[in-house]
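Enquirer: Got start16.cif for you, mmCIF, C-alpha atoms:
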data_my_file
loop_
_atom_site.label_atom_id
_atom_site.label_comp_id
_atom_site.auth_asym_id
_atom_site.auth_seq_id
_atom_site.Cartn_x
_atom_site.Cartn_y
_atom_site.Cartn_z
CA MET G 355 -9.54 -12.89 -3.72
CA ASP G 356 -7.57 -11.54 -0.85
CA ARG G 357 -6.69 -7.97 -1.68
CA HIS G 358 -3.64 -8.31 0.49
CA ALA G 359 -2.28 -11.06 -1.78
CA LEU G 360 -1.98 -8.64 -4.66
CA SER G 361 -0.37 -5.84 -2.71
CA VAL G 362 2.36 -8.05 -1.27
CA GLU G 363 3.56 -8.70 -4.82
CA ILE G 364 4.14 -4.99 -5.50
CA PRO G 365 7.73 -4.82 -4.19
CA ARG G 366 8.69 -7.80 -6.37
CA LEU G 367 7.13 -6.22 -9.44
CA ARG G 368 9.07 -3.04 -8.67
CA ARG G 369 12.36 -4.90 -8.27
CA TYR G 370 11.99 -6.65 -11.61
CA ALA G 371 10.77 -3.52 -13.43
CA ARG G 372 13.67 -1.50 -11.99
CA ALA G 373 16.19 -4.08 -13.13
CA LEU G 374 14.58 -4.43 -16.54
CA LEU G 375 14.20 -0.74 -17.33
CA GLY G 376 16.99 0.78 -15.26
CA ASN G 377 15.08 4.02 -14.83
CA PRO G 378 13.23 4.07 -11.46
CA THR G 379 10.48 6.43 -12.61
CA ALA G 380 9.71 4.49 -15.76
CA ALA G 381 9.79 1.27 -13.73
CA ASP G 382 7.27 2.52 -11.17
CA ASP G 383 5.03 3.81 -13.96
CA LEU G 384 5.06 0.34 -15.48
CA VAL G 385 4.21 -1.23 -12.12
CA GLN G 386 1.40 1.26 -11.68
CA ASP G 387 -0.06 0.42 -15.09
CA THR G 388 0.27 -3.26 -14.22
CA LEU G 389 -1.68 -2.82 -10.98
CA GLU G 390 -4.36 -0.82 -12.69
CA ARG G 391 -4.85 -3.52 -15.28
CA ALA G 392 -4.70 -6.28 -12.68
CA TRP G 393 -7.43 -4.73 -10.54
CA THR G 394 -9.69 -4.10 -13.49
CA ARG G 395 -9.19 -7.62 -14.84
CA LEU G 396 -9.28 -9.46 -11.59
CA ALA G 397 -12.28 -11.43 -12.82
CA GLN G 398 -10.02 -13.03 -15.43
CA TRP G 399 -7.64 -14.38 -12.86
CA HIS G 400 -8.28 -18.01 -12.04
CA PRO G 401 -7.47 -19.13 -8.49
CA ASP G 402 -5.60 -22.14 -9.88
CA ARG G 403 -3.19 -19.79 -11.54
CA ASP G 404 -0.14 -18.50 -9.71
CA LEU G 405 -0.93 -14.88 -8.90
CA ARG G 406 2.66 -13.79 -9.28
CA VAL G 407 3.00 -15.34 -12.73
CA TRP G 408 -0.27 -13.69 -13.74
CA LEU G 409 0.95 -10.26 -12.55
CA PHE G 410 4.32 -10.63 -14.22
CA SER G 411 2.65 -11.66 -17.47
CA ILE G 412 0.42 -8.57 -17.33
CA MET G 413 3.52 -6.45 -16.87
CA HIS G 414 5.24 -8.19 -19.76
CA ASN G 415 2.28 -7.65 -22.08
CA LEU G 416 2.11 -3.97 -21.16
CA ARG G 417 5.77 -3.64 -21.93
CA VAL G 418 5.34 -5.31 -25.31
CA ASP G 419 2.40 -2.98 -26.03
CA GLN G 420 4.52 0.04 -25.13
CA LEU G 421 7.31 -1.00 -27.44
CA ARG G 422 4.89 -1.67 -30.26
CA ARG G 423 3.12 1.63 -29.76
CA HIS G 424 6.22 3.75 -29.79
CA HIS G 425 8.06 1.84 -32.47
CA LEU G 426 11.11 2.91 -30.57
CA PRO G 427 13.46 1.10 -28.28
CA THR G 428 13.23 2.57 -24.81
CA ASP G 429 16.72 1.42 -24.08
CA THR G 430 18.72 4.43 -25.08
CA LEU G 431 21.87 4.11 -27.11
CA ASP G 432 24.63 4.48 -24.62
CA ILE G 433 28.22 5.35 -25.04
CA HIS G 434 29.33 1.91 -23.95
CA ASP G 435 27.89 0.43 -27.09
CA ILE G 436 30.29 2.57 -29.02
CA ASP G 437 33.60 2.72 -27.19
CA LEU G 438 33.95 -0.97 -26.44
CA PRO G 439 37.59 -1.30 -27.54
CA THR G 440 38.89 1.13 -24.91
CA ARG G 441 36.35 0.23 -22.30
CA ALA G 442 37.73 -3.16 -21.34
CA THR G 443 41.19 -1.84 -20.57
CA GLN G 444 40.02 0.78 -18.13
CA ALA G 445 40.68 0.23 -14.48
CA ASP G 446 37.14 1.03 -13.38
CA ARG G 447 35.60 -2.17 -14.57
CA LEU G 448 35.16 -3.70 -11.15
CA GLU G 449 32.87 -0.95 -9.98
CA VAL G 450 29.49 -1.76 -8.55
CA ARG G 451 27.49 -0.16 -11.28
CA ASP G 452 29.15 -2.24 -13.98
CA LEU G 453 26.86 -5.17 -13.31
CA ALA G 454 23.83 -2.94 -13.83
CA ARG G 455 25.40 -1.56 -16.98
CA ALA G 456 26.27 -4.99 -18.28
CA VAL G 457 22.66 -6.10 -17.84
CA GLU G 458 21.47 -3.05 -19.71
CA ARG G 459 23.57 -4.13 -22.66
CA LEU G 460 21.73 -7.41 -23.02
CA PRO G 461 18.99 -7.50 -25.64
CA LEU G 462 15.61 -7.08 -23.94
CA GLU G 463 14.46 -10.64 -24.59
CA GLN G 464 17.61 -12.03 -22.95
CA ARG G 465 17.49 -9.51 -20.11
CA GLU G 466 13.96 -10.68 -19.26
CA VAL G 467 14.86 -14.33 -18.72
CA VAL G 468 18.19 -13.60 -17.02
CA LEU G 469 16.43 -11.29 -14.55
CA LEU G 470 13.40 -13.50 -13.92
CA ALA G 471 15.73 -16.39 -13.12
CA ALA G 472 18.00 -14.29 -10.90
CA LEU G 473 15.54 -12.06 -9.06
CA GLU G 474 12.46 -14.26 -8.88
CA ASP G 475 14.13 -17.65 -9.10
CA MET G 476 11.20 -18.38 -11.38
CA SER G 477 10.84 -21.89 -12.82
CA TYR G 478 11.33 -22.27 -16.55
CA THR G 479 7.69 -23.26 -16.93
CA ASP G 480 6.52 -20.12 -15.14
CA MET G 481 8.86 -18.00 -17.25
CA ALA G 482 7.38 -19.54 -20.39
CA HIS G 483 3.88 -18.61 -19.16
CA THR G 484 4.94 -15.14 -18.09
CA LEU G 485 6.61 -14.29 -21.37
CA ASN G 486 4.24 -16.34 -23.52
CA ILE G 487 7.05 -18.20 -25.26
CA PRO G 488 7.89 -21.93 -25.57
CA LEU G 489 9.98 -23.59 -22.89
CA GLY G 490 12.82 -24.24 -25.35
CA THR G 491 12.96 -20.52 -26.14
CA VAL G 492 13.25 -19.69 -22.44
CA MET G 493 16.24 -22.01 -22.20
CA SER G 494 18.01 -20.81 -25.33
CA ARG G 495 17.54 -17.15 -24.39
CA LEU G 496 18.87 -17.86 -20.92
CA SER G 497 21.96 -19.61 -22.30
CA ARG G 498 22.72 -16.80 -24.70
CA GLY G 499 21.96 -14.03 -22.21
CA ARG G 500 24.06 -15.43 -19.39
CA GLU G 501 27.00 -16.15 -21.64
CA LYS G 502 26.86 -12.66 -23.06
CA LEU G 503 26.70 -11.16 -19.56
CA ARG G 504 29.70 -13.26 -18.55
CA LEU G 505 31.74 -12.05 -21.52
CA ILE G 506 30.83 -8.43 -20.88
CA LEU G 507 31.84 -8.70 -17.23
CA ALA G 508 35.02 -10.54 -18.12
CA GLY G 509 35.95 -7.56 -20.26
CA GLN G 510 35.67 -9.48 -23.48
CA THR G 511 33.50 -7.99 -26.11
CA PRO G 512 30.86 -10.47 -27.09
CA PRO G 513 30.30 -10.65 -30.81
CA THR G 514 28.10 -7.65 -31.41
CA GLN G 515 25.58 -7.48 -34.12
CA LEU G 516 25.17 -4.07 -35.60
CA ARG G 517 21.91 -2.88 -34.22
CA VAL G 518 19.35 -1.77 -36.68
CA VAL G 519 17.83 1.46 -35.44
CA ARG G 520 14.45 0.27 -34.32
CA MET C 1041 20.35 -37.36 -26.23
CA SER C 1042 23.35 -39.42 -25.29
CA PRO C 1043 23.64 -39.86 -21.54
CA HIS C 1044 27.18 -38.46 -21.66
CA HIS C 1045 26.48 -35.40 -23.71
CA VAL C 1046 25.70 -32.31 -21.66
CA SER C 1047 24.07 -29.40 -23.46
CA GLU C 1048 24.49 -25.68 -22.79
CA SER C 1049 20.91 -25.55 -21.57
CA GLU C 1050 21.62 -28.28 -19.07
CA LEU C 1051 24.46 -26.25 -17.59
CA HIS C 1052 21.99 -23.44 -16.95
CA ALA C 1053 19.30 -25.78 -15.70
CA TYR C 1054 21.94 -27.04 -13.26
CA VAL C 1055 22.54 -23.48 -12.02
CA ASP C 1056 18.78 -22.98 -11.63
CA GLY C 1057 18.03 -26.27 -9.92
CA GLU C 1058 15.83 -27.32 -12.84
CA LEU C 1059 17.53 -30.62 -13.62
CA PRO C 1060 16.14 -34.03 -12.70
CA ALA C 1061 18.39 -35.92 -10.28
CA ALA C 1062 19.71 -38.31 -12.91
CA ARG C 1063 20.90 -35.55 -15.20
CA ARG C 1064 22.34 -33.63 -12.28
CA GLN C 1065 24.83 -36.42 -11.75
CA ALA C 1066 25.71 -36.43 -15.43
CA VAL C 1067 26.29 -32.67 -15.36
CA GLU C 1068 28.41 -32.89 -12.23
CA ALA C 1069 30.54 -35.60 -13.84
CA HIS C 1070 30.90 -33.41 -16.91
CA LEU C 1071 31.93 -30.41 -14.80
CA ALA C 1072 34.47 -32.48 -12.90
CA ALA C 1073 36.05 -33.47 -16.20
CA HIS C 1074 35.84 -30.04 -17.86
CA PRO C 1075 37.30 -27.24 -15.73
CA HIS C 1076 36.40 -24.57 -18.28
CA SER C 1077 32.74 -25.53 -18.17
CA ALA C 1078 32.93 -25.61 -14.39
CA GLU C 1079 34.43 -22.12 -14.39
CA ARG C 1080 31.60 -20.84 -16.57
CA VAL C 1081 28.95 -22.46 -14.39
CA ARG C 1082 30.52 -20.80 -11.34
CA ALA C 1083 30.40 -17.47 -13.13
CA TYR C 1084 26.74 -17.92 -14.12
CA ALA C 1085 25.79 -18.80 -10.55
CA GLY C 1086 27.85 -15.91 -9.19
CA HIS C 1087 26.24 -13.40 -11.54
CA LYS C 1088 22.80 -14.75 -10.70
CA GLN C 1089 23.44 -14.11 -7.03
CA ALA C 1090 25.08 -10.74 -7.64
CA LEU C 1091 22.08 -9.54 -9.65
CA LYS C 1092 19.79 -10.46 -6.81
CA ALA C 1093 22.01 -8.67 -4.32
CA LEU C 1094 22.11 -5.65 -6.60
CA PHE C 1095 18.34 -5.25 -6.92
CA ASP C 1096 17.06 -6.69 -3.65
CA PRO C 1097 17.29 -3.29 -1.92
CA VAL C 1098 14.32 -2.20 -4.09
CA LEU C 1099 12.15 -4.58 -2.04
CA ASP C 1100 12.76 -2.49 1.07
CA GLU C 1101 12.06 0.88 -0.48
CA PRO C 1102 8.84 2.47 0.75
CA LEU C 1103 6.14 2.50 -1.92
CA PRO C 1104 5.68 5.88 -3.57
CA PRO C 1105 2.17 7.37 -3.22
CA SER C 1106 1.41 6.50 -6.84
CA LEU C 1107 1.72 2.82 -5.96
CA GLN C 1108 0.28 3.08 -2.45
CA ALA C 1109 -2.95 4.09 -4.13
CA TRP C 1110 -3.07 0.70 -5.85
CA THR C 1111 -2.61 -1.55 -2.86
CA ALA C 1112 -6.40 -1.78 -2.67
CA PRO C 1113 -8.95 -2.11 -5.46
CA PRO C 1114 -10.33 1.13 -6.88
CA ALA C 1115 -13.61 2.08 -5.25
CA THR C 1116 -15.59 1.84 -8.46
CA PRO C 1117 -16.70 -1.42 -10.13
CA HIS C 1118 -14.16 -3.09 -12.36
CA THR C 1119 -15.46 -2.14 -15.75
CA ALA C 1120 -13.83 -0.06 -18.39
CA ASN C 1121 -16.55 2.57 -18.35
CA ALA C 1122 -16.59 2.93 -14.61
CA ALA C 1123 -12.87 3.46 -14.72
CA ARG C 1124 -13.30 6.94 -16.19
CA PRO C 1125 -14.16 9.00 -13.09
CA TRP C 1126 -11.03 8.24 -11.12
CA TRP C 1127 -8.63 8.53 -14.00
CA PRO C 1128 -7.88 12.28 -13.74
CA GLN C 1129 -7.20 12.09 -10.04
CA TRP C 1130 -4.85 9.20 -10.58
CA SER C 1131 -2.92 11.12 -13.22
CA LEU C 1132 -2.32 13.94 -10.77
CA GLN C 1133 -1.09 11.47 -8.21
CA ARG C 1134 1.26 10.04 -10.75
CA MET C 1135 2.70 13.44 -11.56
CA ALA C 1136 3.17 14.27 -7.91
CA ALA C 1137 4.85 10.95 -7.39
CA SER C 1138 7.19 11.49 -10.30
CA VAL C 1139 8.31 14.75 -8.80
CA LEU C 1140 8.85 13.05 -5.48
CA ILE C 1141 10.87 10.26 -7.07
CA ALA C 1142 12.96 12.78 -8.97
CA LEU C 1143 13.68 14.61 -5.73
CA VAL C 1144 14.61 11.46 -3.89
CA SER C 1145 16.83 10.27 -6.73
CA GLY C 1146 18.44 13.68 -6.90
CA THR C 1147 19.47 13.57 -3.28
CA GLY C 1148 21.65 10.62 -3.99
CA GLY C 1149 19.87 7.46 -2.89
CA TRP C 1150 19.83 4.87 -5.57
CA VAL C 1151 22.01 6.02 -8.39
CA LEU C 1152 23.20 3.03 -10.33
CA ARG C 1153 22.71 4.02 -13.89
CA GLY C 1154 25.61 4.95 -16.05
CA GLY C 1155 25.79 8.52 -17.25
CA GLY C 1156 23.87 9.95 -14.33
CA PRO C 1157 25.41 11.75 -11.40
CA GLU C 1158 27.26 9.37 -9.17
CA ALA C 1159 26.70 8.94 -5.49
CA THR C 1160 29.80 10.62 -4.16
CA PRO C 1161 31.00 9.91 -0.69
CA PRO C 1162 31.36 12.84 1.72
CA ALA C 1163 34.09 15.04 0.39
CA THR C 1164 36.78 15.52 3.02
CA LEU C 1165 38.23 12.09 3.64
CA ALA C 1166 37.10 10.64 0.35
CA THR C 1167 39.25 13.07 -1.60
CA VAL C 1168 42.29 11.95 0.37
CA SER C 1169 41.49 8.26 0.60
CA PRO C 1170 39.25 6.10 -1.54
CA LEU C 1171 38.70 3.81 1.44
CA PRO C 1172 34.89 3.44 1.19
CA ARG C 1173 35.02 2.84 -2.53
CA GLN C 1174 37.79 0.25 -2.24
CA ALA C 1175 35.84 -1.47 0.49
CA ALA C 1176 32.60 -1.44 -1.49
CA ILE C 1177 34.29 -2.92 -4.55
CA ALA C 1178 35.91 -5.63 -2.44
CA HIS C 1179 32.49 -6.28 -0.94
CA VAL C 1180 30.70 -6.76 -4.25
CA VAL C 1181 33.51 -8.85 -5.69
CA TYR C 1182 33.80 -11.36 -2.86
CA SER C 1183 30.56 -11.41 -0.89
CA PRO C 1184 28.44 -12.98 -3.70
CA ASP C 1185 30.90 -15.85 -4.02
CA VAL C 1186 29.10 -18.96 -2.84
CA ARG C 1187 31.93 -21.43 -2.77
CA ARG C 1188 35.01 -19.37 -1.98
CA PRO C 1189 34.03 -16.15 -0.24
CA VAL C 1190 37.16 -16.25 1.94
CA GLU C 1191 40.68 -17.59 1.79
CA ILE C 1192 40.77 -18.89 5.35
CA GLY C 1193 37.57 -19.89 7.09
CA ALA C 1194 36.46 -19.04 10.62
CA GLU C 1195 37.18 -22.64 11.68
CA HIS C 1196 40.86 -21.68 11.43
CA GLU C 1197 40.51 -18.28 13.04
CA ASP C 1198 43.89 -18.55 14.79
CA GLN C 1199 45.67 -19.12 11.51
CA LEU C 1200 43.67 -16.37 9.85
CA VAL C 1201 44.59 -13.82 12.53
CA ALA C 1202 48.25 -14.86 12.59
CA TRP C 1203 48.56 -14.74 8.82
CA LEU C 1204 46.79 -11.41 8.29
CA SER C 1205 48.65 -9.82 11.21
CA LYS C 1206 51.94 -10.96 9.74
CA ARG C 1207 51.13 -9.71 6.25
CA LEU C 1208 49.78 -6.36 7.45
CA GLY C 1209 52.69 -5.97 9.84
CA THR C 1210 50.45 -5.27 12.82
CA ALA C 1211 47.96 -7.18 14.92
CA VAL C 1212 44.47 -7.37 13.42
CA HIS C 1213 41.53 -9.22 14.95
CA PRO C 1214 38.03 -9.76 13.62
CA PRO C 1215 35.45 -8.36 16.05
CA LYS C 1216 32.74 -10.66 17.39
CA LEU C 1217 29.32 -9.76 16.08
CA GLY C 1218 27.27 -12.60 17.52
CA ALA C 1219 25.21 -10.13 19.55
CA GLN C 1220 24.26 -8.42 16.29
CA GLY C 1221 23.33 -11.75 14.72
CA TYR C 1222 26.41 -12.04 12.50
CA GLU C 1223 29.03 -14.74 12.62
CA LEU C 1224 32.46 -14.77 11.06
CA ILE C 1225 32.85 -16.69 7.79
CA GLY C 1226 36.56 -15.97 7.48
CA GLY C 1227 38.87 -13.51 5.80
CA ARG C 1228 41.23 -12.81 3.00
CA LEU C 1229 44.18 -10.70 2.02
CA LEU C 1230 43.67 -8.08 -0.69
CA PRO C 1231 45.85 -5.63 -2.56
CA GLY C 1232 45.35 -2.03 -1.40
CA ASN C 1233 46.89 1.10 -2.86
CA HIS C 1234 50.42 0.34 -1.77
CA GLY C 1235 50.35 -3.04 -0.09
CA PRO C 1236 48.20 -5.63 1.62
CA VAL C 1237 44.86 -4.94 3.26
CA ALA C 1238 42.52 -7.38 5.00
CA GLN C 1239 38.87 -8.26 4.58
CA PHE C 1240 36.77 -10.13 7.14
CA MET C 1241 33.42 -11.51 6.07
CA TYR C 1242 30.37 -12.25 8.22
CA HIS C 1243 26.90 -13.53 7.58
CA ASP C 1244 23.63 -13.72 9.48
CA ALA C 1245 21.07 -16.52 9.62
CA SER C 1246 19.36 -15.28 6.46
CA GLY C 1247 22.64 -15.39 4.50
CA GLN C 1248 23.04 -11.60 4.42
CA ARG C 1249 26.75 -10.89 4.22
CA LEU C 1250 28.77 -8.01 5.49
CA THR C 1251 32.46 -7.31 5.17
CA LEU C 1252 34.92 -5.40 7.33
CA TYR C 1253 37.78 -3.93 5.35
CA VAL C 1254 40.92 -3.13 7.34
CA SER C 1255 43.59 -0.94 5.82
CA THR C 1256 46.89 0.08 7.37
CA GLU C 1257 47.66 2.43 4.52
CA ILE C 1258 46.22 5.59 5.99
CA PRO C 1259 48.86 8.21 5.17
CA HIS C 1260 49.13 10.22 8.36
CA ASN C 1261 47.26 10.95 11.49
CA GLN C 1262 43.77 11.86 10.43
CA ASP C 1263 41.37 10.19 12.82
CA THR C 1264 37.77 10.60 11.87
CA GLY C 1265 34.44 9.85 13.39
CA PHE C 1266 31.94 7.68 11.62
CA ARG C 1267 31.31 8.51 8.05
CA PHE C 1268 28.78 7.02 5.69
CA ALA C 1269 28.97 6.45 1.97
CA GLN C 1270 26.52 4.89 -0.42
CA GLU C 1271 28.27 3.06 -3.23
CA GLY C 1272 25.51 1.87 -5.53
CA PRO C 1273 23.57 -0.73 -3.54
CA VAL C 1274 26.30 -1.04 -0.93
CA SER C 1275 26.16 0.96 2.30
CA VAL C 1276 29.54 1.69 3.86
CA PHE C 1277 30.42 3.06 7.27
CA TYR C 1278 34.06 3.96 7.60
CA TRP C 1279 36.38 5.61 10.06
CA VAL C 1280 40.07 6.12 10.68
CA ASP C 1281 41.69 5.27 13.97
CA GLY C 1282 45.45 5.85 14.20
CA PRO C 1283 47.13 3.91 11.42
CA PHE C 1284 43.98 1.89 10.71
CA GLY C 1285 41.22 2.64 8.28
CA TYR C 1286 38.09 0.55 8.78
CA ALA C 1287 35.13 0.20 6.42
CA LEU C 1288 32.08 -1.90 7.09
CA SER C 1289 30.06 -2.72 3.96
CA ALA C 1290 26.75 -4.46 3.37
CA GLY C 1291 23.77 -4.30 1.06
CA ILE C 1292 21.49 -3.28 3.93
CA GLY C 1293 19.97 -0.01 5.12
CA LYS C 1294 21.97 2.75 6.73
CA ALA C 1295 20.25 2.52 10.12
CA GLU C 1296 20.73 -1.23 10.42
CA LEU C 1297 24.36 -1.02 9.36
CA ALA C 1298 24.98 1.87 11.78
CA GLN C 1299 24.13 -0.35 14.74
CA ILE C 1300 26.59 -3.02 13.64
CA ALA C 1301 29.24 -0.41 12.84
CA THR C 1302 28.88 0.99 16.35
CA ALA C 1303 29.46 -2.46 17.82
CA VAL C 1304 32.54 -2.97 15.65
CA TYR C 1305 33.88 0.44 16.61
CA ASP C 1306 33.39 -0.21 20.33
CA GLN C 1307 35.19 -3.54 20.18
CA LEU C 1308 38.14 -2.25 18.21
CA GLU C 1309 38.37 0.80 20.45
CA HIS C 1310 38.53 -1.22 23.66
CA ARG C 1311 40.85 -3.88 22.49
#
Using structure tokens, write down the structure that the file contains.

Expert:
Amino acid sequence: MDRHALSVEIPRLRRYARALLGNPTAADDLVQDTLERAWTRLAQWHPDRDLRVWLFSIMHNLRVDQLRRHHLPTDTLDIHDIDLPTRATQADRLEVRDLARAVERLPLEQREVVLLAALEDMSYTDMAHTLNIPLGTVMSRLSRGREKLRLILAGQTPPTQLRVVR
Amino acid sequence: MSPHHVSESELHAYVDGELPAARRQAVEAHLAAHPHSAERVRAYAGHKQALKALFDPVLDEPLPPSLQAWTAPPATPHTANAARPWWPQWSLQRMAASVLIALVSGTGGWVLRGGGPEATPPATLATVSPLPRQAAIAHVVYSPDVRRPVEIGAEHEDQLVAWLSKRLGTAVHPPKLGAQGYELIGGRLLPGNHGPVAQFMYHDASGQRLTLYVSTEIPHNQDTGFRFAQEGPVSVFYWVDGPFGYALSAGIGKAELAQIATAVYDQLEHR
């Protein structure tokens, strides 16, 4: 296949990884691992298959592997998970970075679909292929994720489940 | 499913353009009859757009060397065994790249994460006036709004100018940025620190929006030259001219915004 086709997808992989992980270094490491795997498995890619969906699914699988390997959440516990009652009354809640913070507070599985829809404008079918989940699951995660994001940004605390330390 | 019942998933499918035409009409009828649902759908669509605006700047960042190396296939055949020889070299590249990224991040470029050091605007004026920050917040609040980005549209520019001039107590005019590829969408009145301030919004053919924030609240004579501040993903050029503080904000690169800011400055200067 055209080697150029793969490299033009790199900025999009970076954008999604950055949004998903928050940390630019970790995000670029994930993209790098994705590219390495993609080049070595290029023979497995079928020309009928959307290259972008294939690349994003490789990245997703790597991410799942990472989480499984470490048995640890890579999203760090942040202070905003703790001081929610005072947070909403503070005057700084319109600041730019709040959107990024709000996204970070979504559970990973909801963050994935919310970001794929927003950044990639990916169809539900492609999201299902990328994340290897049924179409109905894509839609229910999207509904829950977007509503939770809306409540966080509106300054209302969505019903929080106590997180088990994973 | 009953033709009249609209599910949560359908509201999202509506936002994402995933609904068949027949259901789209049903959803639109539902939204017309249920303002709260309509409000939520507007919020979902707004957040979708804001997220894209927030992370799109990553697309324009130059690739770090660690990723540059992967824009072409590795020289060796694609088998697991053959992968060995170039592994060590690649690890070194990765380390070097990490250092580079850390340096770049440290110098203030793209700091969005909570808890980290914040991108602070240049000290002198910023400590006196939060102009660039106010402008950046106004930019991120209103520019992603698809349906109501402005209070009065450019088609009523006369009314817009008359109204804003009256409320600010002095004549304000939106500059013409056609030569820079931007046309006026309209403007709105906003609360500043002590009273009203104005915001003019423009967009280019690609839909990229920029806002010009005009404040008449500058305390005393402290004219400045151009200053630049990076507020998260938003670039802001700002300056003070007599009683006016101006801030031009957009989610585009510094160099590109500088050209437009220069044009704005020239027009306002020679009015």

Enquirer: Could you list, as a PyMOL selection string, the residues of chain C having an atom within 6 Å of chain G when counting all atoms listed in the file?

Expert: chain C and resi 1049+1088+1092+1098-1099+1107+1111+1113+1118+1152+1177

Enquirer: Just give me the gap between CA of Ser1289 in chain C and CA of Ala1301 in chain C in Å, one decimal is fine.

Expert: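 Straight-line distance from CA of Ser1289 in chain C to CA of Ala1301 in chain C works out to 9.2 Å.
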
Enquirer: For each of C:Leu1230, C:Ala1053, C:Val1180, C:Ala1062, take the minimum atom-to-atom distance to Gln1089 in chain C, counting all atoms listed in the file, then give the residue where this is smallest.

Expert: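 Ranked by minimum distance to Gln1089 in chain C, first place goes to C:Val1180.
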
Enquirer: Which neighbours of Arg1249 in chain C fall inside 7 Å, counting only C-alpha atoms, when residues of the same chain fewer than 5 positions from it are skipped, and could you give them as a list in words?

Expert: Ser1183, Met1241, Tyr1242, His1243, Asp1244 and Ala1290 of chain C

Enquirer: Which residue is closest to Tyr1084 in chain C? Choose from G:Gly509, G:Lys502, G:Leu462, G:Leu416 and count all atoms listed in the file.

Expert: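 Of the candidates, the smallest distance to Tyr1084 in chain C is held by G:Lys502.
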
Enquirer: Interatomic distance between CA of Trp399 in chain G and CA of Leu384 in chain G?

Expert: 19.6 Å

Enquirer: Taking the file as shown, what set of residues would the PyMOL selection byres ((chain G and resi 407-410) around 8) give back, as a list in words?

Expert: Leu367, Thr388, Ala392, Trp399, Arg403, Asp404, Leu405, Arg406, Ser411, Ile412, Met413, His414, Asp480, Met481, His483 and Thr484 of chain G
